Amino acid sequence: MLRSMREGAKSPIMKAFLIFLAGGFALWGIGDITSGSFGAGSKAVSAGDKSISTTEAAIEFDRARRNLAPGLSIGEALQTPIMDEVMGALARKVLFSAEADRLGLTVTREMQTKAIRDERAFQDEFGSFAEGRFLQTLQQLGYSEEDYLTRLTETLERDQIMGAVSAAALYPFYAAKTLAAYQLEERAIAYQSFAVDASAVAAPSDAVLSSYYSENQSSYDAPLLRQFDAIILDPEQLEADITISDAALQDSFELRRDEFITPETRRLSQMVFDSQQAAEDALSDLSSGKEFAIVAADRLGWTTDDIALGTLRQDALASDLADAAFAANEGDVVGPIETAFGFHILAVDEVIAGGDASFADVKDALAATLRAEQALDLVYERANALEDELGSGASLSEAASAVGATVTSLAPIDANGLTIDGTASDDDIASDSNFLAIAWDLQEDEISVLGETGEATFFVMQLLSETEPTSRPLAEVKDRVIADYQLETAIKAAKTEADAALASGQIGENAETATIQRSGIGLDHPAANLMATNAFGIDTNEFVIVETGEDALLIQVTDIISASDEQTDALARQLTSSLARTIQSDWQAAMALSLSEDFDLTMNQEAVRTLLVGAVQ
């Protein structure tokens with residue numbers, strides 16, 4: 001298999017993405033759990049009487065791809081660990097649903113309403129539930145209200161199961177408060193900059209230069225260098241050779257027509273009442289000629305921001321609301337309509353017609369998309385063929401010729417991918433961590449295994465030679481030595497100025513001031529983090545000098561600002577909750593493992609992959 005299948009999770013970017021992906025599943029839940037109405041061969045996940053079909057699993061995989069990694073095609077996403085994460089989340093959902101049935105758990109409308117109103121993502125800046133935010137969030141995630149309520153029910157069932165075993169998963173509040181106070185502390189500083197100007201330093205005499213070189217000679221030694229020949233398969237380079245016919249573009253346009261349709265949307269306002277009678281009374285006010293915003297203010301104390309639902313598609317609303325809102329004309333008021341949130345009255349403020357892009361409108365963009373997709377398919381095809389050629393004993397040049405590629409000679413590099421002078425190589429691939437790991441594990445004349453960068457670029461290399469570390473004469477590195485001498489002299493001059501200011505015990509009249517956090521927030525300076533680290537290491541009215549290479553900074557702490565008790569308590573509560581969720585997540589994983597044995601969990605990931613690959617083709 002390709003290395004991407006074996007080591008896809010090693011990329012730092014992918015790890016960060018998967019952390020976010022897992023967090024999204026934890027919040028929203030995934031999968032429509034059925035009662036086993038699908039045949040055994042069509043089940044992606046099953047546990048007890050609960051199951052998820054391969055079609056549903058494939059849809060959830062594609063939803064995750066589109067929402068969280070829209071730049072990846074289905075084929076690319078299948079080369080990453082996304083499928084493992086999706087299937088794991090689906091398995092947990094099935095297991096907890098099966099356990100909820102066994103325990104006879106129920107979820108009431110009151111429980112749903114409370115959970116939604118307590119969710120911070122749906123609250124305004126005053127901590128009140130804002131249905132506009134709720135609907136906009138669901139729309140961004142691709143869920144309707146009904147979808148979300150189904151998933152919320154599953155989450156509440158799971159929480160009831162876990163509540164009995166995780167209630168004690170609390171982080172000590174006093175410890176969280178100490179940490180919060182530390183994080184929230186700020187410092188007021190004054191600082192003066194003394195510029196480092198290497199251009200103002202004259203070139204040294206030969207004697208001075210020779211002396212400086214002798215003192216720092218080891219800094220100019222040539223490192224251990226390796227030189228390689230490589231075959232590099234880059235999809236972007238292949239795109240230039242791909243031509244898409246008009247007929248193929250037209251066929252693709254017809255196949256993807258739904259992607260180019262803009263659905264009708266409506267800008268809506270609403271009021272929500274706890275009782276039908278209150279809603280009827282408000283509707284009477286509107287019928288008598290009062291404006292919608294005035295009735296909302298009089299009856300509910302709502303502002304114009306409170307009544308604004310935003311501009312929404314029909315599938316972003318619960319079915320009853322959607323049917324009423326999209327059956328009405330612009331300017332109409334409809335209701336009362338009952339949902340889990342209460343009794344709604346809607347006003348259709350504006351109808352925004354949908355549209356259907358023409359072939360001419362999207363032809364160029366579609367051609368670029370198809371070229372990229374075909375280039376990606378081609379690079380994987382050639383990578384597999386290259387791996388087969390090398391496996392049969394072909395030389396690097398023979399393998400390159402067989403797959404229509406070329407052999408590239410790379411400039412000598414050290415173990416960090418740098419040149420003999422310590423600068424970045426002109427060969428971009430030399431900076432890739434996977435390339436370097438393979439390159440420095442080879443023996444001379446050995447051909448490497450097929451490797452892959454994080455951008456679907458494949459490579460194979462052969463170690464041609466290795467040059468041992470060696471001293472370099474002054475004549476060979478003279479320009480570097482002069483530049484280093486001038487920079488070091490300029491830094492010393494700036495430091496001398498800063499020392500003189502420090503000796504006077506005062507910051508100059510042109511000093512700047514700022515109030516900063518430990519992270520450097522509050523400072524508009526390239527060395528903000530370094531400045532903050534040093535400032536938080538001294539006390540009030542003390543000074544410190546920080547050298548950045550660009551300037552020397554004299555910094556004085558003028559005040560230490562502690563957070564208020566309210567701020568500290570608020571952050572401590574967040575930290576306590578966050579740490580408790582982390583502990584509960586571990587317990588939930590342990591519970592799922594136990595349930596997988598009770599309910600004979602089975603998973604069929606390959607069936608989902610097969611369905612998705614068919615969709616790609």
# chains A, B, ... in the order shown; residues from 1 in each chain; ligands from 1

$ residues_around --residues "Val613 of chain A" --least-positions-apart "2" --cutoff "12 Å" --atoms "only C-alpha atoms" --output "compact mmCIF listing (two decimals) with all heavy atoms, in the first residue's frame"
# COMPACT_ATOMS: atom_id res chain seq x y z
N ALA A 58 -21.51 6.37 4.53
CA ALA A 58 -20.85 7.09 3.43
C ALA A 58 -21.27 8.55 3.41
O ALA A 58 -20.45 9.45 3.18
CB ALA A 58 -21.19 6.42 2.10
N ASP A 62 -18.83 11.82 3.90
CA ASP A 62 -18.76 12.93 2.95
C ASP A 62 -19.14 14.24 3.63
O ASP A 62 -18.59 15.30 3.30
CB ASP A 62 -19.68 12.65 1.76
CG ASP A 62 -19.40 13.58 0.60
OD1 ASP A 62 -18.22 13.77 0.27
OD2 ASP A 62 -20.36 14.14 0.04
N SER A 73 -10.82 16.03 -2.02
CA SER A 73 -11.80 15.23 -2.75
C SER A 73 -12.08 13.97 -1.94
O SER A 73 -11.39 13.67 -0.97
CB SER A 73 -11.25 14.85 -4.13
OG SER A 73 -10.17 13.95 -3.98
N ILE A 74 -13.09 13.19 -2.37
CA ILE A 74 -13.39 11.94 -1.68
C ILE A 74 -12.18 11.01 -1.73
O ILE A 74 -11.79 10.39 -0.74
CB ILE A 74 -14.62 11.25 -2.29
CG1 ILE A 74 -15.89 12.05 -1.97
CG2 ILE A 74 -14.77 9.83 -1.78
CD1 ILE A 74 -17.16 11.49 -2.58
N GLY A 75 -11.55 10.94 -2.91
CA GLY A 75 -10.37 10.08 -3.04
C GLY A 75 -9.25 10.48 -2.11
O GLY A 75 -8.60 9.64 -1.48
N GLU A 76 -9.00 11.80 -2.01
CA GLU A 76 -7.94 12.28 -1.11
C GLU A 76 -8.31 11.98 0.35
O GLU A 76 -7.47 11.55 1.14
CB GLU A 76 -7.75 13.78 -1.29
CG GLU A 76 -7.12 14.17 -2.61
CD GLU A 76 -7.10 15.67 -2.81
OE1 GLU A 76 -8.17 16.31 -2.66
OE2 GLU A 76 -6.04 16.21 -3.10
N ALA A 77 -9.57 12.24 0.70
CA ALA A 77 -9.99 12.04 2.09
C ALA A 77 -9.88 10.58 2.50
O ALA A 77 -9.61 10.27 3.66
CB ALA A 77 -11.43 12.53 2.27
N LEU A 78 -10.06 9.67 1.54
CA LEU A 78 -9.94 8.25 1.86
C LEU A 78 -8.50 7.83 2.14
O LEU A 78 -8.26 6.76 2.68
CB LEU A 78 -10.51 7.40 0.71
CG LEU A 78 -12.02 7.34 0.62
CD1 LEU A 78 -12.46 6.65 -0.67
CD2 LEU A 78 -12.62 6.64 1.83
N GLN A 79 -7.54 8.69 1.78
CA GLN A 79 -6.14 8.39 2.08
C GLN A 79 -5.75 8.88 3.47
O GLN A 79 -4.61 8.69 3.90
CB GLN A 79 -5.23 9.08 1.03
CG GLN A 79 -5.55 8.72 -0.41
CD GLN A 79 -5.41 7.24 -0.69
OE1 GLN A 79 -4.45 6.61 -0.25
NE2 GLN A 79 -6.37 6.68 -1.40
N ASP A 377 -5.78 11.61 -9.70
CA ASP A 377 -5.93 10.20 -10.07
C ASP A 377 -4.67 9.70 -10.77
O ASP A 377 -4.19 8.59 -10.51
CB ASP A 377 -7.14 10.01 -10.99
CG ASP A 377 -8.46 10.24 -10.27
OD1 ASP A 377 -8.47 10.17 -9.02
OD2 ASP A 377 -9.47 10.50 -10.94
N GLU A 606 -14.76 -1.55 4.97
CA GLU A 606 -14.46 -1.74 3.56
C GLU A 606 -15.69 -1.56 2.68
O GLU A 606 -15.59 -1.08 1.55
CB GLU A 606 -13.85 -3.13 3.34
CG GLU A 606 -12.41 -3.24 3.79
CD GLU A 606 -11.53 -2.16 3.20
OE1 GLU A 606 -11.58 -1.96 1.96
OE2 GLU A 606 -10.81 -1.48 3.97
N ALA A 607 -16.87 -1.94 3.19
CA ALA A 607 -18.10 -1.76 2.41
C ALA A 607 -18.36 -0.27 2.17
O ALA A 607 -18.81 0.13 1.10
CB ALA A 607 -19.28 -2.40 3.13
N VAL A 608 -18.06 0.55 3.18
CA VAL A 608 -18.25 2.00 3.04
C VAL A 608 -17.25 2.55 2.04
O VAL A 608 -17.57 3.38 1.18
CB VAL A 608 -18.11 2.70 4.40
CG1 VAL A 608 -18.39 4.20 4.25
CG2 VAL A 608 -19.06 2.09 5.43
N ARG A 609 -16.00 2.10 2.15
CA ARG A 609 -14.96 2.55 1.21
C ARG A 609 -15.35 2.19 -0.23
O ARG A 609 -15.20 3.00 -1.15
CB ARG A 609 -13.62 1.90 1.54
CG ARG A 609 -12.93 2.49 2.76
CD ARG A 609 -11.56 1.86 2.96
NE ARG A 609 -10.87 2.47 4.07
CZ ARG A 609 -10.17 3.59 4.00
NH1 ARG A 609 -10.07 4.22 2.83
NH2 ARG A 609 -9.57 4.10 5.06
N THR A 610 -15.83 0.96 -0.40
CA THR A 610 -16.22 0.51 -1.74
C THR A 610 -17.34 1.38 -2.31
O THR A 610 -17.31 1.77 -3.49
CB THR A 610 -16.69 -0.96 -1.69
OG1 THR A 610 -15.62 -1.77 -1.21
CG2 THR A 610 -17.12 -1.43 -3.07
N LEU A 611 -18.31 1.73 -1.48
CA LEU A 611 -19.41 2.59 -1.92
C LEU A 611 -18.89 3.97 -2.31
O LEU A 611 -19.29 4.54 -3.34
CB LEU A 611 -20.45 2.70 -0.81
CG LEU A 611 -21.72 3.52 -1.13
CD1 LEU A 611 -22.47 2.89 -2.30
CD2 LEU A 611 -22.61 3.59 0.10
N ALA A 615 -18.64 6.02 -5.89
CA ALA A 615 -19.16 7.39 -6.10
C ALA A 615 -18.13 8.25 -6.80
O ALA A 615 -18.45 9.09 -7.62
CB ALA A 615 -19.55 8.00 -4.75
N VAL A 616 -16.84 8.04 -6.46
CA VAL A 616 -15.77 8.82 -7.10
C VAL A 616 -15.71 8.51 -8.58
O VAL A 616 -15.56 9.37 -9.43
CB VAL A 616 -14.41 8.52 -6.42
CG1 VAL A 616 -13.28 9.18 -7.20
CG2 VAL A 616 -14.41 9.01 -4.99
N GLN A 617 -15.81 7.20 -8.90
CA GLN A 617 -15.72 6.79 -10.30
C GLN A 617 -16.95 7.27 -11.09
O GLN A 617 -16.86 7.58 -12.23
CB GLN A 617 -15.61 5.28 -10.39
CG GLN A 617 -14.30 4.78 -9.79
CD GLN A 617 -14.23 3.27 -9.70
OE1 GLN A 617 -15.25 2.61 -9.84
NE2 GLN A 617 -13.05 2.73 -9.44

$ residues_around --residues "Lys495 of chain A" --least-positions-apart "4" --cutoff "8 Å" --atoms "only C-alpha atoms" --output "VMD selection string"
chain A and resid 194 491 499 545 547 552

$ write_last_selection --atoms "all heavy atoms" --output "mmCIF file, in the first residue's frame"
data_model
loop_
_atom_site.group_PDB
_atom_site.id
_atom_site.type_symbol
_atom_site.label_atom_id
_atom_site.label_comp_id
_atom_site.auth_asym_id
_atom_site.auth_seq_id
_atom_site.Cartn_x
_atom_site.Cartn_y
_atom_site.Cartn_z
ATOM 1 N N PHE A 194 16.083 50.095 20.576
ATOM 2 C CA PHE A 194 17.353 50.571 20.042
ATOM 3 C C PHE A 194 17.664 49.710 18.824
ATOM 4 O O PHE A 194 17.956 48.518 18.947
ATOM 5 C CB PHE A 194 18.463 50.469 21.094
ATOM 6 C CG PHE A 194 18.164 51.251 22.341
ATOM 7 C CD1 PHE A 194 17.459 50.658 23.388
ATOM 8 C CD2 PHE A 194 18.524 52.580 22.457
ATOM 9 C CE1 PHE A 194 17.156 51.371 24.533
ATOM 10 C CE2 PHE A 194 18.224 53.311 23.608
ATOM 11 C CZ PHE A 194 17.533 52.710 24.650
ATOM 12 N N ILE A 491 24.463 44.624 16.780
ATOM 13 C CA ILE A 491 23.730 44.173 17.971
ATOM 14 C C ILE A 491 24.420 44.673 19.241
ATOM 15 O O ILE A 491 23.767 45.137 20.183
ATOM 16 C CB ILE A 491 23.613 42.641 17.976
ATOM 17 C CG1 ILE A 491 22.666 42.182 16.863
ATOM 18 C CG2 ILE A 491 23.110 42.132 19.321
ATOM 19 C CD1 ILE A 491 22.596 40.677 16.686
ATOM 20 N N ASP A 499 22.062 49.526 27.515
ATOM 21 C CA ASP A 499 22.734 49.491 28.817
ATOM 22 C C ASP A 499 22.877 50.896 29.390
ATOM 23 O O ASP A 499 22.712 51.116 30.606
ATOM 24 C CB ASP A 499 24.112 48.843 28.688
ATOM 25 C CG ASP A 499 24.033 47.329 28.544
ATOM 26 O OD1 ASP A 499 23.021 46.754 28.983
ATOM 27 O OD2 ASP A 499 24.976 46.737 27.992
ATOM 28 N N ILE A 545 16.632 43.789 29.534
ATOM 29 C CA ILE A 545 17.012 44.070 28.143
ATOM 30 C C ILE A 545 16.817 42.801 27.325
ATOM 31 O O ILE A 545 17.291 41.724 27.691
ATOM 32 C CB ILE A 545 18.469 44.548 28.047
ATOM 33 C CG1 ILE A 545 18.624 45.901 28.754
ATOM 34 C CG2 ILE A 545 18.903 44.664 26.583
ATOM 35 C CD1 ILE A 545 20.044 46.408 28.797
ATOM 36 N N GLU A 547 17.235 41.175 23.482
ATOM 37 C CA GLU A 547 17.811 41.293 22.139
ATOM 38 C C GLU A 547 17.015 40.412 21.191
ATOM 39 O O GLU A 547 16.833 39.223 21.450
ATOM 40 C CB GLU A 547 19.277 40.860 22.151
ATOM 41 C CG GLU A 547 20.172 41.731 23.024
ATOM 42 C CD GLU A 547 21.577 41.162 23.112
ATOM 43 O OE1 GLU A 547 21.943 40.371 22.214
ATOM 44 O OE2 GLU A 547 22.295 41.495 24.064
ATOM 45 N N ALA A 552 17.426 46.029 20.166
ATOM 46 C CA ALA A 552 17.595 45.749 21.589
ATOM 47 C C ALA A 552 16.498 46.521 22.300
ATOM 48 O O ALA A 552 16.295 47.724 22.054
ATOM 49 C CB ALA A 552 18.969 46.178 22.075
#

$ residues_around --residues "Ala293 of chain A" --least-positions-apart "4" --cutoff "12 Å" --atoms "only C-alpha atoms" --output "NGL selection string"
:A and (269-271 or 282 or 285-286 or 289 or 297-308 or 345-347 or 349)

$ select_by_dssp --residues "segment 235-353 of chain A" --states "alpha helix (DSSP H)" --output "VMD selection string"
chain A and resid 235 to 239 246 to 255 276 to 287 292 to 300 304 to 307 319 to 327

$ residues_around --residues "segment 221-234 of chain A" --least-positions-apart "3" --cutoff "6 Å" --atoms "only C-alpha atoms" --output "ChimeraX atom specification"
/A:218,237,407-410,412-414,420,457-472

$ write_last_selection --atoms "N, CA, C and O atoms" --output "short mmCIF file (atom, residue, chain, number, x, y, z; two decimals), in the first residue's frame"
data_model
loop_
_atom_site.label_atom_id
_atom_site.label_comp_id
_atom_site.auth_asym_id
_atom_site.auth_seq_id
_atom_site.Cartn_x
_atom_site.Cartn_y
_atom_site.Cartn_z
N SER A 218 34.29 27.32 13.64
CA SER A 218 33.43 26.14 13.62
C SER A 218 32.03 26.45 13.10
O SER A 218 31.34 25.56 12.60
N GLN A 237 2.09 19.63 -11.22
CA GLN A 237 2.87 19.64 -12.45
C GLN A 237 2.18 18.85 -13.55
O GLN A 237 2.31 19.16 -14.74
N VAL A 407 14.05 11.85 -13.81
CA VAL A 407 14.91 11.81 -12.64
C VAL A 407 15.50 13.21 -12.41
O VAL A 407 16.06 13.81 -13.33
N THR A 408 15.34 13.73 -11.21
CA THR A 408 15.83 15.06 -10.85
C THR A 408 17.02 14.94 -9.91
O THR A 408 16.98 14.17 -8.95
N SER A 409 18.09 15.69 -10.20
CA SER A 409 19.25 15.73 -9.30
C SER A 409 19.05 16.85 -8.29
O SER A 409 18.89 18.02 -8.67
N LEU A 410 19.02 16.51 -7.02
CA LEU A 410 18.80 17.48 -5.96
C LEU A 410 20.13 18.03 -5.47
O LEU A 410 21.15 17.33 -5.45
N PRO A 412 22.96 19.18 -2.81
CA PRO A 412 23.36 18.56 -1.53
C PRO A 412 22.69 19.26 -0.35
O PRO A 412 22.59 20.49 -0.32
N ILE A 413 22.22 18.46 0.61
CA ILE A 413 21.55 19.00 1.79
C ILE A 413 22.06 18.31 3.05
O ILE A 413 22.60 17.21 3.00
N ASP A 414 21.83 18.99 4.20
CA ASP A 414 22.15 18.36 5.48
C ASP A 414 20.90 17.68 6.04
O ASP A 414 19.86 17.62 5.38
N ILE A 420 24.80 23.85 2.15
CA ILE A 420 26.09 23.94 2.82
C ILE A 420 26.23 25.25 3.61
O ILE A 420 26.95 25.32 4.60
N THR A 457 2.08 14.51 -3.05
CA THR A 457 3.26 14.42 -3.91
C THR A 457 4.06 13.20 -3.49
O THR A 457 4.38 13.04 -2.31
N PHE A 458 4.37 12.33 -4.44
CA PHE A 458 5.09 11.10 -4.15
C PHE A 458 6.53 11.23 -4.61
O PHE A 458 6.82 11.96 -5.57
N PHE A 459 7.42 10.49 -3.98
CA PHE A 459 8.84 10.56 -4.34
C PHE A 459 9.54 9.25 -4.06
O PHE A 459 9.14 8.47 -3.20
N VAL A 460 10.58 9.02 -4.84
CA VAL A 460 11.53 7.94 -4.61
C VAL A 460 12.90 8.55 -4.82
O VAL A 460 13.09 9.36 -5.75
N MET A 461 13.87 8.19 -4.00
CA MET A 461 15.20 8.79 -4.14
C MET A 461 16.28 7.73 -4.04
O MET A 461 16.07 6.63 -3.52
N GLN A 462 17.45 8.10 -4.54
CA GLN A 462 18.63 7.24 -4.44
C GLN A 462 19.78 8.08 -3.91
O GLN A 462 20.03 9.18 -4.43
N LEU A 463 20.45 7.59 -2.88
CA LEU A 463 21.59 8.30 -2.29
C LEU A 463 22.80 8.12 -3.20
O LEU A 463 23.27 7.00 -3.41
N LEU A 464 23.31 9.24 -3.76
CA LEU A 464 24.45 9.18 -4.67
C LEU A 464 25.78 9.28 -3.93
O LEU A 464 26.73 8.56 -4.24
N SER A 465 25.84 10.20 -2.99
CA SER A 465 27.12 10.41 -2.28
C SER A 465 26.87 11.08 -0.95
O SER A 465 25.81 11.67 -0.72
N GLU A 466 27.88 11.00 -0.09
CA GLU A 466 27.84 11.64 1.22
C GLU A 466 29.17 12.31 1.47
O GLU A 466 30.23 11.71 1.27
N THR A 467 29.13 13.59 1.87
CA THR A 467 30.34 14.37 2.13
C THR A 467 30.47 14.61 3.62
O THR A 467 29.56 15.16 4.25
N GLU A 468 31.59 14.19 4.20
CA GLU A 468 31.81 14.33 5.62
C GLU A 468 31.95 15.80 6.02
O GLU A 468 32.34 16.64 5.20
N PRO A 469 31.66 16.14 7.28
CA PRO A 469 31.86 17.52 7.74
C PRO A 469 33.33 17.93 7.55
O PRO A 469 34.24 17.13 7.74
N THR A 470 33.51 19.16 7.15
CA THR A 470 34.87 19.65 6.91
C THR A 470 34.95 21.15 7.15
O THR A 470 33.94 21.87 7.04
N SER A 471 36.16 21.61 7.51
CA SER A 471 36.37 23.05 7.69
C SER A 471 36.41 23.73 6.33
O SER A 471 36.87 23.15 5.33
N ARG A 472 35.94 24.97 6.29
CA ARG A 472 35.95 25.74 5.05
C ARG A 472 36.86 26.94 5.22
O ARG A 472 36.80 27.65 6.24
#

$ residues_around --residues "segment 583-592 of chain A" --least-positions-apart "3" --cutoff "8 Å" --atoms "only C-alpha atoms" --output "ChimeraX atom specification"
/A:92,95-96,162,166,169,579-580,595-596

$ write_last_selection --atoms "N, CA, C and O atoms" --output "mmCIF file, in the first residue's frame"
data_model
loop_
_atom_site.group_PDB
_atom_site.id
_atom_site.type_symbol
_atom_site.label_atom_id
_atom_site.label_comp_id
_atom_site.auth_asym_id
_atom_site.auth_seq_id
_atom_site.Cartn_x
_atom_site.Cartn_y
_atom_site.Cartn_z
ATOM 1 N N ARG A 92 -19.761 4.336 18.478
ATOM 2 C CA ARG A 92 -20.139 4.793 19.823
ATOM 3 C C ARG A 92 -21.615 5.151 19.869
ATOM 4 O O ARG A 92 -22.307 4.857 20.847
ATOM 5 N N LEU A 95 -23.729 1.944 19.929
ATOM 6 C CA LEU A 95 -23.615 1.245 21.212
ATOM 7 C C LEU A 95 -24.453 1.913 22.297
ATOM 8 O O LEU A 95 -25.177 1.247 23.044
ATOM 9 N N PHE A 96 -24.356 3.236 22.392
ATOM 10 C CA PHE A 96 -25.105 3.935 23.444
ATOM 11 C C PHE A 96 -26.604 3.925 23.147
ATOM 12 O O PHE A 96 -27.425 3.906 24.072
ATOM 13 N N MET A 162 -24.042 7.823 31.023
ATOM 14 C CA MET A 162 -22.736 8.165 31.575
ATOM 15 C C MET A 162 -22.834 8.884 32.906
ATOM 16 O O MET A 162 -21.902 8.866 33.712
ATOM 17 N N SER A 166 -19.943 9.012 35.763
ATOM 18 C CA SER A 166 -18.994 10.115 35.594
ATOM 19 C C SER A 166 -19.319 11.334 36.443
ATOM 20 O O SER A 166 -18.688 12.376 36.288
ATOM 21 N N ALA A 169 -16.413 13.005 38.093
ATOM 22 C CA ALA A 169 -15.290 13.455 37.267
ATOM 23 C C ALA A 169 -15.159 14.967 37.343
ATOM 24 O O ALA A 169 -15.442 15.690 36.396
ATOM 25 N N LEU A 579 -11.832 20.401 31.820
ATOM 26 C CA LEU A 579 -11.053 19.269 32.323
ATOM 27 C C LEU A 579 -11.964 18.107 32.704
ATOM 28 O O LEU A 579 -11.612 16.939 32.515
ATOM 29 N N ALA A 580 -13.138 18.433 33.240
ATOM 30 C CA ALA A 580 -14.095 17.371 33.571
ATOM 31 C C ALA A 580 -14.562 16.651 32.317
ATOM 32 O O ALA A 580 -14.706 15.425 32.304
ATOM 33 N N LEU A 595 -19.451 -1.926 26.241
ATOM 34 C CA LEU A 595 -20.712 -2.162 25.537
ATOM 35 C C LEU A 595 -20.494 -2.922 24.227
ATOM 36 O O LEU A 595 -21.362 -3.665 23.778
ATOM 37 N N SER A 596 -19.327 -2.717 23.603
ATOM 38 C CA SER A 596 -19.058 -3.404 22.334
ATOM 39 C C SER A 596 -19.044 -4.911 22.517
ATOM 40 O O SER A 596 -19.362 -5.662 21.589
#

$ residues_around --residues "Tyr213 of chain A" --least-positions-apart "2" --cutoff "10 Å" --atoms "only C-alpha atoms" --output "PyMOL selection string"
chain A and resi 207-211+215-220+473-474+477-478+481-482+484-485

$ write_last_selection --atoms "N, CA and C atoms" --output "compact mmCIF listing (two decimals), in the first residue's frame"
# COMPACT_ATOMS: atom_id res chain seq x y z
N ALA A 207 42.66 42.12 8.88
CA ALA A 207 43.15 41.58 10.15
C ALA A 207 42.00 41.31 11.10
N VAL A 208 41.06 42.25 11.18
CA VAL A 208 39.90 42.06 12.06
C VAL A 208 39.05 40.91 11.57
N LEU A 209 38.85 40.82 10.26
CA LEU A 209 38.04 39.76 9.68
C LEU A 209 38.67 38.39 9.96
N SER A 210 39.99 38.32 9.79
CA SER A 210 40.69 37.05 10.03
C SER A 210 40.56 36.63 11.49
N SER A 211 40.66 37.60 12.38
CA SER A 211 40.54 37.31 13.81
C SER A 211 39.12 36.84 14.15
N GLU A 215 37.93 33.08 15.62
CA GLU A 215 37.16 32.89 16.86
C GLU A 215 35.86 32.10 16.62
N ASN A 216 35.33 32.17 15.39
CA ASN A 216 34.03 31.55 15.11
C ASN A 216 34.12 30.51 13.98
N GLN A 217 35.32 29.98 13.76
CA GLN A 217 35.56 29.13 12.59
C GLN A 217 34.61 27.95 12.51
N SER A 218 34.29 27.32 13.64
CA SER A 218 33.43 26.14 13.62
C SER A 218 32.03 26.45 13.10
N SER A 219 31.62 27.71 13.19
CA SER A 219 30.29 28.09 12.71
C SER A 219 30.19 28.01 11.19
N TYR A 220 31.34 27.99 10.52
CA TYR A 220 31.35 27.99 9.06
C TYR A 220 31.77 26.64 8.48
N PRO A 473 37.72 27.22 4.27
CA PRO A 473 38.65 28.36 4.39
C PRO A 473 37.91 29.69 4.35
N LEU A 474 38.54 30.70 4.90
CA LEU A 474 37.93 32.03 4.94
C LEU A 474 37.53 32.51 3.55
N VAL A 477 34.03 31.43 2.47
CA VAL A 477 32.85 31.91 3.21
C VAL A 477 32.97 33.39 3.58
N LYS A 478 33.84 34.11 2.86
CA LYS A 478 34.16 35.49 3.24
C LYS A 478 32.92 36.37 3.35
N VAL A 481 31.05 35.71 6.52
CA VAL A 481 31.78 36.16 7.72
C VAL A 481 31.64 37.67 7.87
N ILE A 482 31.74 38.41 6.76
CA ILE A 482 31.59 39.87 6.83
C ILE A 482 30.19 40.24 7.31
N ASP A 484 28.09 38.46 9.08
CA ASP A 484 27.91 38.09 10.48
C ASP A 484 28.64 39.07 11.41
N TYR A 485 29.81 39.50 10.99
CA TYR A 485 30.57 40.47 11.80
C TYR A 485 29.80 41.78 11.93

$ closest_residue --among "A:Asp388, A:Ser358, A:Phe543, A:Leu442" --to "Glu254 of chain A" --atoms "only C-alpha atoms"
A:Ser358

$ select_by_dssp --residues "segment 466-553 of chain A" --states "strand (DSSP E or B)" --output "number ranges by chain"
A: 466-467, 470, 512-516, 543-547, 551-553

$ atom_distance --atom1 "atom CA of Arg313 of chain A" --atom2 "atom CA of Tyr148 of chain A"
16.0 Å

$ atom_distance --atom1 "atom CA of Phe599 of chain A" --atom2 "atom CA of Ala47 of chain A"
5.0 Å

$ residues_around --residues "Thr515 of chain A" --least-positions-apart "4" --cutoff "7 Å" --atoms "only C-alpha atoms" --output "PyMOL selection string"
chain A and resi 186-189+522
